[in-house]
file upload.cif (mmCIF, N, CA and C atoms)
data_input
loop_
_atom_site.label_atom_id
_atom_site.label_comp_id
_atom_site.auth_asym_id
_atom_site.auth_seq_id
_atom_site.Cartn_x
_atom_site.Cartn_y
_atom_site.Cartn_z
N MET V 201 0.87 -1.17 0.00
CA MET V 201 0.00 0.00 0.00
C MET V 201 0.91 1.23 0.00
N GLN V 202 0.62 2.13 -0.90
CA GLN V 202 1.37 3.36 -1.01
C GLN V 202 0.39 4.53 -0.86
N ILE V 203 0.60 5.35 0.16
CA ILE V 203 -0.23 6.52 0.39
C ILE V 203 0.65 7.75 0.21
N TYR V 204 0.17 8.72 -0.56
CA TYR V 204 0.94 9.92 -0.87
C TYR V 204 0.14 11.16 -0.49
N ASP V 205 0.86 12.20 -0.05
CA ASP V 205 0.23 13.50 0.14
C ASP V 205 0.07 14.15 -1.23
N GLY V 206 -1.15 14.53 -1.57
CA GLY V 206 -1.40 15.18 -2.85
C GLY V 206 -1.46 14.20 -4.00
N SER V 207 -1.34 14.73 -5.21
CA SER V 207 -1.51 13.92 -6.42
C SER V 207 -0.39 12.89 -6.59
N LEU V 208 -0.70 11.86 -7.38
CA LEU V 208 0.23 10.76 -7.62
C LEU V 208 1.10 11.03 -8.84
N ASP V 209 2.34 10.58 -8.77
CA ASP V 209 3.22 10.55 -9.93
C ASP V 209 3.01 9.18 -10.57
N VAL V 210 2.01 9.09 -11.44
CA VAL V 210 1.58 7.82 -12.02
C VAL V 210 2.73 7.14 -12.75
N CYS V 211 3.50 7.88 -13.51
CA CYS V 211 4.60 7.26 -14.27
C CYS V 211 5.63 6.61 -13.36
N ALA V 212 5.99 7.29 -12.28
CA ALA V 212 6.98 6.73 -11.35
C ALA V 212 6.44 5.49 -10.66
N ILE V 213 5.18 5.54 -10.25
CA ILE V 213 4.56 4.38 -9.59
C ILE V 213 4.47 3.22 -10.56
N PHE V 214 3.99 3.47 -11.78
CA PHE V 214 3.88 2.40 -12.77
C PHE V 214 5.26 1.80 -13.06
N ASN V 215 6.27 2.64 -13.23
CA ASN V 215 7.62 2.12 -13.51
C ASN V 215 8.12 1.21 -12.40
N GLN V 216 7.84 1.58 -11.16
CA GLN V 216 8.22 0.74 -10.02
C GLN V 216 7.53 -0.62 -10.11
N TRP V 217 6.21 -0.61 -10.37
CA TRP V 217 5.46 -1.86 -10.48
C TRP V 217 5.93 -2.67 -11.69
N HIS V 218 6.23 -1.99 -12.79
CA HIS V 218 6.69 -2.69 -14.00
C HIS V 218 8.01 -3.41 -13.73
N LYS V 219 8.93 -2.76 -13.03
CA LYS V 219 10.21 -3.41 -12.69
C LYS V 219 9.97 -4.69 -11.90
N GLU V 220 9.01 -4.64 -10.98
CA GLU V 220 8.69 -5.85 -10.21
C GLU V 220 8.12 -6.93 -11.11
N SER V 221 7.30 -6.55 -12.08
CA SER V 221 6.72 -7.55 -12.99
C SER V 221 7.80 -8.24 -13.80
N VAL V 222 8.81 -7.49 -14.23
CA VAL V 222 9.91 -8.07 -14.99
C VAL V 222 10.72 -9.01 -14.11
N SER V 223 10.99 -8.58 -12.86
CA SER V 223 11.79 -9.41 -11.96
C SER V 223 11.07 -10.71 -11.58
N GLN V 224 9.75 -10.71 -11.67
CA GLN V 224 8.98 -11.91 -11.32
C GLN V 224 8.54 -12.71 -12.54
N ASN V 225 9.00 -12.29 -13.72
CA ASN V 225 8.70 -12.99 -14.96
C ASN V 225 7.20 -13.16 -15.19
N CYS V 226 6.45 -12.07 -14.96
CA CYS V 226 5.00 -12.10 -15.17
C CYS V 226 4.67 -11.51 -16.54
N GLY V 227 3.59 -12.02 -17.12
CA GLY V 227 3.21 -11.61 -18.45
C GLY V 227 2.16 -10.52 -18.51
N ALA V 228 1.57 -10.15 -17.35
CA ALA V 228 0.51 -9.16 -17.37
C ALA V 228 0.61 -8.23 -16.17
N LEU V 229 0.59 -6.95 -16.45
CA LEU V 229 0.45 -5.92 -15.43
C LEU V 229 -0.67 -5.01 -15.91
N ILE V 230 -1.83 -5.16 -15.31
CA ILE V 230 -3.01 -4.38 -15.69
C ILE V 230 -3.20 -3.30 -14.64
N THR V 231 -3.36 -2.05 -15.08
CA THR V 231 -3.54 -0.95 -14.14
C THR V 231 -4.84 -0.19 -14.42
N PHE V 232 -5.30 0.47 -13.37
CA PHE V 232 -6.42 1.40 -13.45
C PHE V 232 -5.96 2.69 -12.79
N VAL V 233 -6.14 3.81 -13.47
CA VAL V 233 -5.73 5.11 -12.94
C VAL V 233 -6.98 5.99 -12.81
N GLY V 234 -7.20 6.50 -11.61
CA GLY V 234 -8.29 7.43 -11.38
C GLY V 234 -7.80 8.86 -11.53
N ILE V 235 -8.50 9.63 -12.35
CA ILE V 235 -8.13 11.02 -12.63
C ILE V 235 -9.26 11.92 -12.16
N VAL V 236 -8.95 12.95 -11.42
CA VAL V 236 -9.97 13.88 -10.95
C VAL V 236 -10.51 14.67 -12.13
N ARG V 237 -11.80 14.58 -12.33
CA ARG V 237 -12.42 15.30 -13.45
C ARG V 237 -13.18 16.51 -12.93
N GLY V 238 -13.19 17.55 -13.74
CA GLY V 238 -13.88 18.77 -13.38
C GLY V 238 -15.37 18.63 -13.65
N GLU V 239 -16.16 18.76 -12.61
CA GLU V 239 -17.61 18.74 -12.75
C GLU V 239 -18.21 19.48 -11.57
N ASP V 240 -19.36 20.05 -11.77
CA ASP V 240 -20.08 20.77 -10.71
C ASP V 240 -19.25 21.86 -10.05
N GLY V 241 -18.33 22.46 -10.79
CA GLY V 241 -17.56 23.58 -10.27
C GLY V 241 -16.46 23.23 -9.29
N ILE V 242 -16.07 21.93 -9.20
CA ILE V 242 -15.00 21.59 -8.26
C ILE V 242 -13.65 22.00 -8.85
N GLU V 243 -12.72 22.34 -7.98
CA GLU V 243 -11.35 22.65 -8.40
C GLU V 243 -10.41 21.52 -8.00
N ALA V 244 -10.88 20.66 -7.08
CA ALA V 244 -10.07 19.53 -6.61
C ALA V 244 -10.98 18.57 -5.85
N LEU V 245 -10.45 17.39 -5.59
CA LEU V 245 -11.04 16.48 -4.61
C LEU V 245 -10.05 16.39 -3.46
N SER V 246 -10.55 16.08 -2.28
CA SER V 246 -9.71 15.92 -1.12
C SER V 246 -10.09 14.61 -0.44
N PHE V 247 -9.10 13.90 0.11
CA PHE V 247 -9.34 12.57 0.64
C PHE V 247 -8.80 12.43 2.06
N ASP V 248 -9.60 11.77 2.90
CA ASP V 248 -9.17 11.32 4.22
C ASP V 248 -9.13 9.80 4.17
N ILE V 249 -8.15 9.20 4.83
CA ILE V 249 -7.97 7.75 4.78
C ILE V 249 -7.80 7.22 6.20
N TYR V 250 -8.50 6.14 6.51
CA TYR V 250 -8.26 5.43 7.76
C TYR V 250 -7.32 4.28 7.42
N GLU V 251 -6.02 4.51 7.58
CA GLU V 251 -5.00 3.59 7.07
C GLU V 251 -5.02 2.19 7.69
N PRO V 252 -5.24 2.01 9.01
CA PRO V 252 -5.27 0.63 9.53
C PRO V 252 -6.37 -0.22 8.89
N LEU V 253 -7.55 0.34 8.70
CA LEU V 253 -8.64 -0.41 8.08
C LEU V 253 -8.38 -0.61 6.59
N LEU V 254 -7.78 0.37 5.94
CA LEU V 254 -7.44 0.23 4.53
C LEU V 254 -6.40 -0.88 4.35
N GLN V 255 -5.42 -0.97 5.25
CA GLN V 255 -4.42 -2.03 5.16
C GLN V 255 -5.06 -3.40 5.34
N LYS V 256 -6.01 -3.50 6.24
CA LYS V 256 -6.74 -4.77 6.45
C LYS V 256 -7.49 -5.16 5.18
N TRP V 257 -8.17 -4.18 4.58
CA TRP V 257 -8.91 -4.43 3.34
C TRP V 257 -7.95 -4.90 2.24
N LEU V 258 -6.82 -4.21 2.11
CA LEU V 258 -5.85 -4.56 1.07
C LEU V 258 -5.24 -5.94 1.34
N ASN V 259 -4.97 -6.27 2.59
CA ASN V 259 -4.43 -7.60 2.92
C ASN V 259 -5.37 -8.71 2.45
N SER V 260 -6.67 -8.49 2.60
CA SER V 260 -7.62 -9.52 2.15
C SER V 260 -7.54 -9.67 0.62
N TRP V 261 -7.31 -8.57 -0.07
CA TRP V 261 -7.16 -8.64 -1.53
C TRP V 261 -5.84 -9.30 -1.92
N GLN V 262 -4.80 -9.07 -1.14
CA GLN V 262 -3.53 -9.75 -1.43
C GLN V 262 -3.71 -11.26 -1.31
N ASP V 263 -4.50 -11.70 -0.32
CA ASP V 263 -4.76 -13.14 -0.17
C ASP V 263 -5.54 -13.69 -1.35
N ILE V 264 -6.53 -12.95 -1.81
CA ILE V 264 -7.32 -13.37 -2.98
C ILE V 264 -6.41 -13.49 -4.20
N ALA V 265 -5.59 -12.47 -4.42
CA ALA V 265 -4.69 -12.48 -5.58
C ALA V 265 -3.67 -13.62 -5.47
N LYS V 266 -3.09 -13.79 -4.29
CA LYS V 266 -2.08 -14.84 -4.10
C LYS V 266 -2.65 -16.22 -4.41
N SER V 267 -3.91 -16.45 -4.05
CA SER V 267 -4.54 -17.75 -4.32
C SER V 267 -4.68 -18.02 -5.82
N GLN V 268 -4.51 -16.95 -6.63
CA GLN V 268 -4.61 -17.08 -8.08
C GLN V 268 -3.26 -16.78 -8.75
N ASN V 269 -2.19 -16.88 -7.95
CA ASN V 269 -0.83 -16.65 -8.44
C ASN V 269 -0.66 -15.23 -9.00
N ALA V 270 -1.29 -14.28 -8.33
CA ALA V 270 -1.24 -12.88 -8.77
C ALA V 270 -0.89 -12.00 -7.58
N LYS V 271 -0.70 -10.71 -7.85
CA LYS V 271 -0.40 -9.73 -6.81
C LYS V 271 -1.15 -8.44 -7.12
N VAL V 272 -1.64 -7.80 -6.06
CA VAL V 272 -2.35 -6.53 -6.20
C VAL V 272 -1.45 -5.39 -5.73
N PHE V 273 -1.43 -4.31 -6.51
CA PHE V 273 -0.73 -3.08 -6.14
C PHE V 273 -1.77 -1.99 -5.92
N PHE V 274 -1.43 -1.02 -5.06
CA PHE V 274 -2.40 0.01 -4.75
C PHE V 274 -1.69 1.27 -4.28
N ALA V 275 -2.06 2.41 -4.83
CA ALA V 275 -1.57 3.71 -4.37
C ALA V 275 -2.73 4.69 -4.36
N HIS V 276 -2.78 5.54 -3.34
CA HIS V 276 -3.86 6.52 -3.24
C HIS V 276 -3.34 7.80 -2.60
N SER V 277 -3.99 8.88 -2.95
CA SER V 277 -3.67 10.20 -2.40
C SER V 277 -4.44 10.44 -1.12
N LYS V 278 -3.83 11.24 -0.24
CA LYS V 278 -4.58 11.85 0.86
C LYS V 278 -4.39 13.34 0.71
N GLY V 279 -5.37 14.08 1.19
CA GLY V 279 -5.33 15.52 0.99
C GLY V 279 -5.88 15.90 -0.38
N ASP V 280 -5.50 17.06 -0.86
CA ASP V 280 -6.09 17.63 -2.08
C ASP V 280 -5.40 17.15 -3.35
N VAL V 281 -6.24 16.88 -4.37
CA VAL V 281 -5.77 16.51 -5.70
C VAL V 281 -6.57 17.34 -6.71
N LYS V 282 -5.86 18.17 -7.48
CA LYS V 282 -6.52 19.08 -8.41
C LYS V 282 -7.12 18.35 -9.61
N VAL V 283 -8.07 19.02 -10.25
CA VAL V 283 -8.67 18.50 -11.48
C VAL V 283 -7.56 18.22 -12.49
N GLY V 284 -7.65 17.06 -13.14
CA GLY V 284 -6.66 16.65 -14.14
C GLY V 284 -5.51 15.86 -13.57
N GLU V 285 -5.40 15.79 -12.24
CA GLU V 285 -4.35 15.01 -11.60
C GLU V 285 -4.91 13.67 -11.14
N SER V 286 -4.03 12.75 -10.81
CA SER V 286 -4.45 11.39 -10.41
C SER V 286 -4.41 11.22 -8.90
N SER V 287 -5.45 10.55 -8.39
CA SER V 287 -5.58 10.30 -6.96
C SER V 287 -5.49 8.81 -6.62
N TYR V 288 -5.56 7.95 -7.64
CA TYR V 288 -5.71 6.53 -7.39
C TYR V 288 -5.10 5.73 -8.53
N ILE V 289 -4.30 4.73 -8.19
CA ILE V 289 -3.83 3.78 -9.19
C ILE V 289 -3.83 2.40 -8.53
N ALA V 290 -4.39 1.47 -9.25
CA ALA V 290 -4.43 0.08 -8.80
C ALA V 290 -3.82 -0.77 -9.90
N GLY V 291 -3.22 -1.87 -9.51
CA GLY V 291 -2.62 -2.76 -10.50
C GLY V 291 -2.72 -4.21 -10.06
N VAL V 292 -2.77 -5.07 -11.04
CA VAL V 292 -2.73 -6.52 -10.79
C VAL V 292 -1.62 -7.08 -11.66
N LEU V 293 -0.75 -7.83 -11.02
CA LEU V 293 0.37 -8.49 -11.67
C LEU V 293 0.09 -9.99 -11.68
N SER V 294 0.18 -10.60 -12.86
CA SER V 294 -0.12 -12.02 -12.97
C SER V 294 0.62 -12.61 -14.17
N PRO V 295 0.97 -13.90 -14.08
CA PRO V 295 1.53 -14.55 -15.27
C PRO V 295 0.50 -14.64 -16.40
N LYS V 296 -0.80 -14.59 -16.06
CA LYS V 296 -1.86 -14.79 -17.04
C LYS V 296 -2.72 -13.53 -17.20
N ARG V 297 -2.90 -13.10 -18.44
CA ARG V 297 -3.68 -11.91 -18.77
C ARG V 297 -5.12 -11.99 -18.28
N LYS V 298 -5.79 -13.12 -18.48
CA LYS V 298 -7.21 -13.21 -18.11
C LYS V 298 -7.41 -13.07 -16.60
N VAL V 299 -6.49 -13.61 -15.82
CA VAL V 299 -6.58 -13.47 -14.37
C VAL V 299 -6.44 -12.00 -13.99
N ALA V 300 -5.46 -11.32 -14.55
CA ALA V 300 -5.22 -9.91 -14.24
C ALA V 300 -6.41 -9.04 -14.65
N LEU V 301 -6.97 -9.29 -15.82
CA LEU V 301 -8.12 -8.50 -16.28
C LEU V 301 -9.33 -8.68 -15.36
N ARG V 302 -9.60 -9.90 -14.96
CA ARG V 302 -10.73 -10.16 -14.08
C ARG V 302 -10.51 -9.54 -12.70
N LEU V 303 -9.31 -9.74 -12.14
CA LEU V 303 -9.04 -9.24 -10.80
C LEU V 303 -9.02 -7.71 -10.71
N ILE V 304 -8.52 -7.03 -11.74
CA ILE V 304 -8.48 -5.57 -11.65
C ILE V 304 -9.90 -5.01 -11.59
N ASN V 305 -10.81 -5.58 -12.35
CA ASN V 305 -12.20 -5.12 -12.32
C ASN V 305 -12.82 -5.38 -10.95
N GLU V 306 -12.64 -6.57 -10.43
CA GLU V 306 -13.20 -6.90 -9.12
C GLU V 306 -12.60 -6.02 -8.02
N PHE V 307 -11.31 -5.79 -8.10
CA PHE V 307 -10.61 -4.97 -7.11
C PHE V 307 -11.13 -3.54 -7.11
N VAL V 308 -11.23 -2.93 -8.28
CA VAL V 308 -11.67 -1.53 -8.38
C VAL V 308 -13.12 -1.40 -7.91
N GLU V 309 -13.98 -2.33 -8.27
CA GLU V 309 -15.38 -2.28 -7.83
C GLU V 309 -15.48 -2.41 -6.31
N ASP V 310 -14.70 -3.32 -5.73
CA ASP V 310 -14.73 -3.50 -4.28
C ASP V 310 -14.15 -2.28 -3.58
N PHE V 311 -13.12 -1.70 -4.17
CA PHE V 311 -12.54 -0.48 -3.62
C PHE V 311 -13.60 0.60 -3.50
N LYS V 312 -14.36 0.83 -4.57
CA LYS V 312 -15.39 1.88 -4.56
C LYS V 312 -16.43 1.62 -3.48
N ALA V 313 -16.73 0.35 -3.22
CA ALA V 313 -17.78 0.01 -2.26
C ALA V 313 -17.29 -0.07 -0.81
N ASN V 314 -16.03 -0.44 -0.59
CA ASN V 314 -15.63 -0.81 0.76
C ASN V 314 -14.37 -0.18 1.33
N ALA V 315 -13.58 0.50 0.54
CA ALA V 315 -12.34 1.06 1.07
C ALA V 315 -12.65 2.25 1.99
N PRO V 316 -11.97 2.33 3.14
CA PRO V 316 -12.24 3.41 4.10
C PRO V 316 -11.53 4.72 3.72
N ILE V 317 -12.01 5.30 2.62
CA ILE V 317 -11.47 6.56 2.13
C ILE V 317 -12.66 7.50 1.93
N TRP V 318 -12.56 8.69 2.51
CA TRP V 318 -13.65 9.64 2.44
C TRP V 318 -13.27 10.76 1.48
N LYS V 319 -14.22 11.09 0.60
CA LYS V 319 -14.00 12.05 -0.47
C LYS V 319 -14.72 13.37 -0.18
N TYR V 320 -14.01 14.45 -0.50
CA TYR V 320 -14.56 15.80 -0.36
C TYR V 320 -14.37 16.54 -1.68
N ASP V 321 -15.35 17.35 -2.04
CA ASP V 321 -15.19 18.29 -3.15
C ASP V 321 -14.50 19.53 -2.60
N VAL V 322 -13.67 20.15 -3.40
CA VAL V 322 -13.07 21.43 -3.03
C VAL V 322 -13.61 22.46 -4.01
N LYS V 323 -14.37 23.41 -3.46
CA LYS V 323 -14.95 24.50 -4.26
C LYS V 323 -14.59 25.82 -3.58
N ASN V 324 -14.01 26.72 -4.34
CA ASN V 324 -13.59 28.02 -3.81
C ASN V 324 -12.74 27.85 -2.55
N GLY V 325 -11.89 26.84 -2.56
CA GLY V 325 -10.98 26.60 -1.44
C GLY V 325 -11.59 25.95 -0.22
N VAL V 326 -12.86 25.55 -0.29
CA VAL V 326 -13.56 24.97 0.85
C VAL V 326 -13.81 23.47 0.60
N ARG V 327 -13.48 22.64 1.58
CA ARG V 327 -13.74 21.19 1.52
C ARG V 327 -15.19 20.93 1.89
N ILE V 328 -15.91 20.20 1.02
CA ILE V 328 -17.32 19.87 1.26
C ILE V 328 -17.47 18.36 1.11
N TYR V 329 -17.93 17.69 2.16
CA TYR V 329 -18.08 16.24 2.13
C TYR V 329 -18.98 15.85 0.96
N ALA V 330 -18.52 14.91 0.13
CA ALA V 330 -19.26 14.47 -1.06
C ALA V 330 -20.21 13.34 -0.68
N LYS V 331 -21.18 13.64 0.15
CA LYS V 331 -22.09 12.64 0.71
C LYS V 331 -22.86 11.89 -0.38
N GLU V 332 -23.31 12.61 -1.41
CA GLU V 332 -24.12 11.98 -2.46
C GLU V 332 -23.31 11.00 -3.32
N ARG V 333 -21.98 11.09 -3.28
CA ARG V 333 -21.14 10.17 -4.06
C ARG V 333 -20.35 9.22 -3.16
N SER V 334 -20.76 9.16 -1.90
CA SER V 334 -20.06 8.31 -0.94
C SER V 334 -20.95 7.12 -0.58
N GLN V 335 -20.30 6.06 -0.14
CA GLN V 335 -21.03 4.89 0.31
C GLN V 335 -20.71 4.62 1.76
N LYS V 336 -21.73 4.21 2.51
CA LYS V 336 -21.53 3.88 3.91
C LYS V 336 -20.74 2.58 4.00
N LEU V 337 -19.74 2.57 4.88
CA LEU V 337 -18.98 1.35 5.09
C LEU V 337 -19.84 0.33 5.82
N PRO V 338 -19.72 -0.95 5.44
CA PRO V 338 -20.48 -1.98 6.16
C PRO V 338 -20.14 -1.95 7.65
N ASN V 339 -21.16 -2.12 8.46
CA ASN V 339 -21.01 -2.17 9.92
C ASN V 339 -20.55 -0.87 10.54
N ALA V 340 -20.60 0.22 9.80
CA ALA V 340 -20.20 1.52 10.34
C ALA V 340 -21.37 2.14 11.08
N GLY V 341 -21.08 2.93 12.08
CA GLY V 341 -22.12 3.62 12.82
C GLY V 341 -21.83 3.61 14.30
N ILE V 342 -22.76 4.12 15.06
CA ILE V 342 -22.62 4.20 16.50
C ILE V 342 -23.07 2.89 17.12
N LEU V 343 -22.27 2.37 18.03
CA LEU V 343 -22.62 1.13 18.71
C LEU V 343 -23.72 1.41 19.74
N SER V 344 -24.66 0.51 19.81
CA SER V 344 -25.73 0.65 20.82
C SER V 344 -25.38 -0.19 22.04
N LYS V 345 -26.09 0.03 23.14
CA LYS V 345 -25.84 -0.72 24.36
C LYS V 345 -26.66 -2.00 24.41
N ASP V 346 -27.45 -2.28 23.39
CA ASP V 346 -28.31 -3.48 23.38
C ASP V 346 -27.51 -4.75 23.34
#
call {"tool": "encode", "arguments": {"input": "upload.cif", "output": "structure tokens"}}
result
Amino acid sequence: MQIYDGSLDVCAIFNQWHKESVSQNCGALITFVGIVRGEDGIEALSFDIYEPLLQKWLNSWQDIAKSQNAKVFFAHSKGDVKVGESSYIAGVLSPKRKVALRLINEFVEDFKANAPIWKYDVKNGVRIYAKERSQKLPNAGILSKD
């Protein structure tokens, strides 16, 4: 897991992952790059991350990938990322193309649904929680005494 302050240097991250793919004699490195797009007047997105829970989530994905002779890579931004910059890159390394293609899709979909990362719109320099584009984490909430 790689967490960076601000936007990602996608080329540097990809090159690092590519070197590992060569050293492991793998035939497929499939990546997904998230780019902040300008919409609804935002100038940036901003992210908060709960790293211990994110590491637990990623560890479960590493186990899934390992069971299929693959490996998952993941990098994400915390803090502000301007429109046109990248905040997220995921990768799957595998000897087999079909395994990597399937796993990258499953990984990205699960990330959107379950990763403990909170997104904010930045408009006129103000962070605004993006509630309408956020998903509640499973089992999140206030514990009751029942």
call {"tool": "closest_residue", "arguments": {"input": "upload.cif", "among": "V:Cys226, V:Ile264, V:Ala315, V:Ala270", "to": "V:Tyr250", "atoms": "all atoms listed in the file"}}
result
V:Ala315
call {"tool": "resolve_selection", "arguments": {"input": "upload.cif", "expression": "the PyMOL selection byres ((chain V and resi 208) around 6.5)", "output": "count of residues only"}}
result
10
call {"tool": "closest_residue", "arguments": {"input": "upload.cif", "among": "V:Asn324, V:Gln224, V:Asn314, V:Gln268", "to": "V:Ala300", "atoms": "only C-alpha atoms"}}
result
V:Gln268
call {"tool": "residues_around", "arguments": {"input": "upload.cif", "residues": "V:Trp217", "least_positions_apart": "2", "cutoff": "12 Å", "atoms": "only C-alpha atoms", "output": "VMD selection string"}}
result
chain V and resid 201 to 202 210 to 215 219 to 224 226 228 to 231 271 to 275 289 to 294
call {"tool": "closest_residue", "arguments": {"input": "upload.cif", "among": "V:Lys323, V:Gly234, V:Gln216, V:Lys278", "to": "V:Tyr204", "atoms": "all atoms listed in the file"}}
result
V:Lys278
call {"tool": "select_by_dssp", "arguments": {"input": "upload.cif", "residues": "stretch 243-316 of chain V", "states": "strand (DSSP E or B)", "output": "ChimeraX atom specification"}}
result
/V:244-249,271-282,286-294
call {"tool": "atom_distance", "arguments": {"input": "upload.cif", "atom1": "atom CA of V:Leu254", "atom2": "atom CA of V:Asp205"}}
result
15.9 Å
call {"tool": "closest_residue", "arguments": {"input": "upload.cif", "among": "V:Ile242, V:Arg302, V:Glu309, V:Val233", "to": "V:Val326", "atoms": "only C-alpha atoms"}}
result
V:Ile242
call {"tool": "atom_distance", "arguments": {"input": "upload.cif", "atom1": "atom N of V:Gln262", "atom2": "atom CA of V:Leu301"}}
result
15.5 Å
call {"tool": "atom_distance", "arguments": {"input": "upload.cif", "atom1": "atom N of V:Leu303", "atom2": "atom CA of V:Phe232"}}
result
11.6 Å
call {"tool": "closest_residue", "arguments": {"input": "upload.cif", "among": "V:Ser246, V:Gly238, V:His218, V:Ile328", "to": "V:Val281", "atoms": "only C-alpha atoms"}}
result
V:Ser246
call {"tool": "decode", "arguments": {"input": "upload.cif", "residues": "stretch 313-324 of chain V", "atoms": "N, CA and C atoms", "output": "PDB file, in the first residue's frame"}}
result
ATOM      1  N   ALA V 313     -16.729   0.354  -3.216  1.00  0.00           N
ATOM      2  CA  ALA V 313     -17.778   0.013  -2.259  1.00  0.00           C
ATOM      3  C   ALA V 313     -17.290  -0.072  -0.814  1.00  0.00           C
ATOM      4  N   ASN V 314     -16.026  -0.438  -0.591  1.00  0.00           N
ATOM      5  CA  ASN V 314     -15.633  -0.815   0.761  1.00  0.00           C
ATOM      6  C   ASN V 314     -14.369  -0.183   1.333  1.00  0.00           C
ATOM      7  N   ALA V 315     -13.577   0.498   0.535  1.00  0.00           N
ATOM      8  CA  ALA V 315     -12.335   1.064   1.071  1.00  0.00           C
ATOM      9  C   ALA V 315     -12.645   2.249   1.992  1.00  0.00           C
ATOM     10  N   PRO V 316     -11.968   2.327   3.143  1.00  0.00           N
ATOM     11  CA  PRO V 316     -12.236   3.414   4.098  1.00  0.00           C
ATOM     12  C   PRO V 316     -11.528   4.716   3.718  1.00  0.00           C
ATOM     13  N   ILE V 317     -12.008   5.297   2.616  1.00  0.00           N
ATOM     14  CA  ILE V 317     -11.475   6.564   2.125  1.00  0.00           C
ATOM     15  C   ILE V 317     -12.663   7.500   1.929  1.00  0.00           C
ATOM     16  N   TRP V 318     -12.559   8.687   2.513  1.00  0.00           N
ATOM     17  CA  TRP V 318     -13.646   9.643   2.439  1.00  0.00           C
ATOM     18  C   TRP V 318     -13.270  10.755   1.476  1.00  0.00           C
ATOM     19  N   LYS V 319     -14.223  11.092   0.605  1.00  0.00           N
ATOM     20  CA  LYS V 319     -14.001  12.050  -0.473  1.00  0.00           C
ATOM     21  C   LYS V 319     -14.717  13.366  -0.179  1.00  0.00           C
ATOM     22  N   TYR V 320     -14.010  14.451  -0.496  1.00  0.00           N
ATOM     23  CA  TYR V 320     -14.558  15.799  -0.361  1.00  0.00           C
ATOM     24  C   TYR V 320     -14.366  16.539  -1.677  1.00  0.00           C
ATOM     25  N   ASP V 321     -15.350  17.351  -2.044  1.00  0.00           N
ATOM     26  CA  ASP V 321     -15.194  18.286  -3.148  1.00  0.00           C
ATOM     27  C   ASP V 321     -14.503  19.528  -2.596  1.00  0.00           C
ATOM     28  N   VAL V 322     -13.667  20.149  -3.403  1.00  0.00           N
ATOM     29  CA  VAL V 322     -13.070  21.425  -3.030  1.00  0.00           C
ATOM     30  C   VAL V 322     -13.613  22.459  -4.010  1.00  0.00           C
ATOM     31  N   LYS V 323     -14.374  23.413  -3.462  1.00  0.00           N
ATOM     32  CA  LYS V 323     -14.948  24.498  -4.256  1.00  0.00           C
ATOM     33  C   LYS V 323     -14.591  25.820  -3.576  1.00  0.00           C
ATOM     34  N   ASN V 324     -14.006  26.717  -4.345  1.00  0.00           N
ATOM     35  CA  ASN V 324     -13.591  28.015  -3.807  1.00  0.00           C
ATOM     36  C   ASN V 324     -12.742  27.850  -2.553  1.00  0.00           C
TER      37      ASN V 324
END
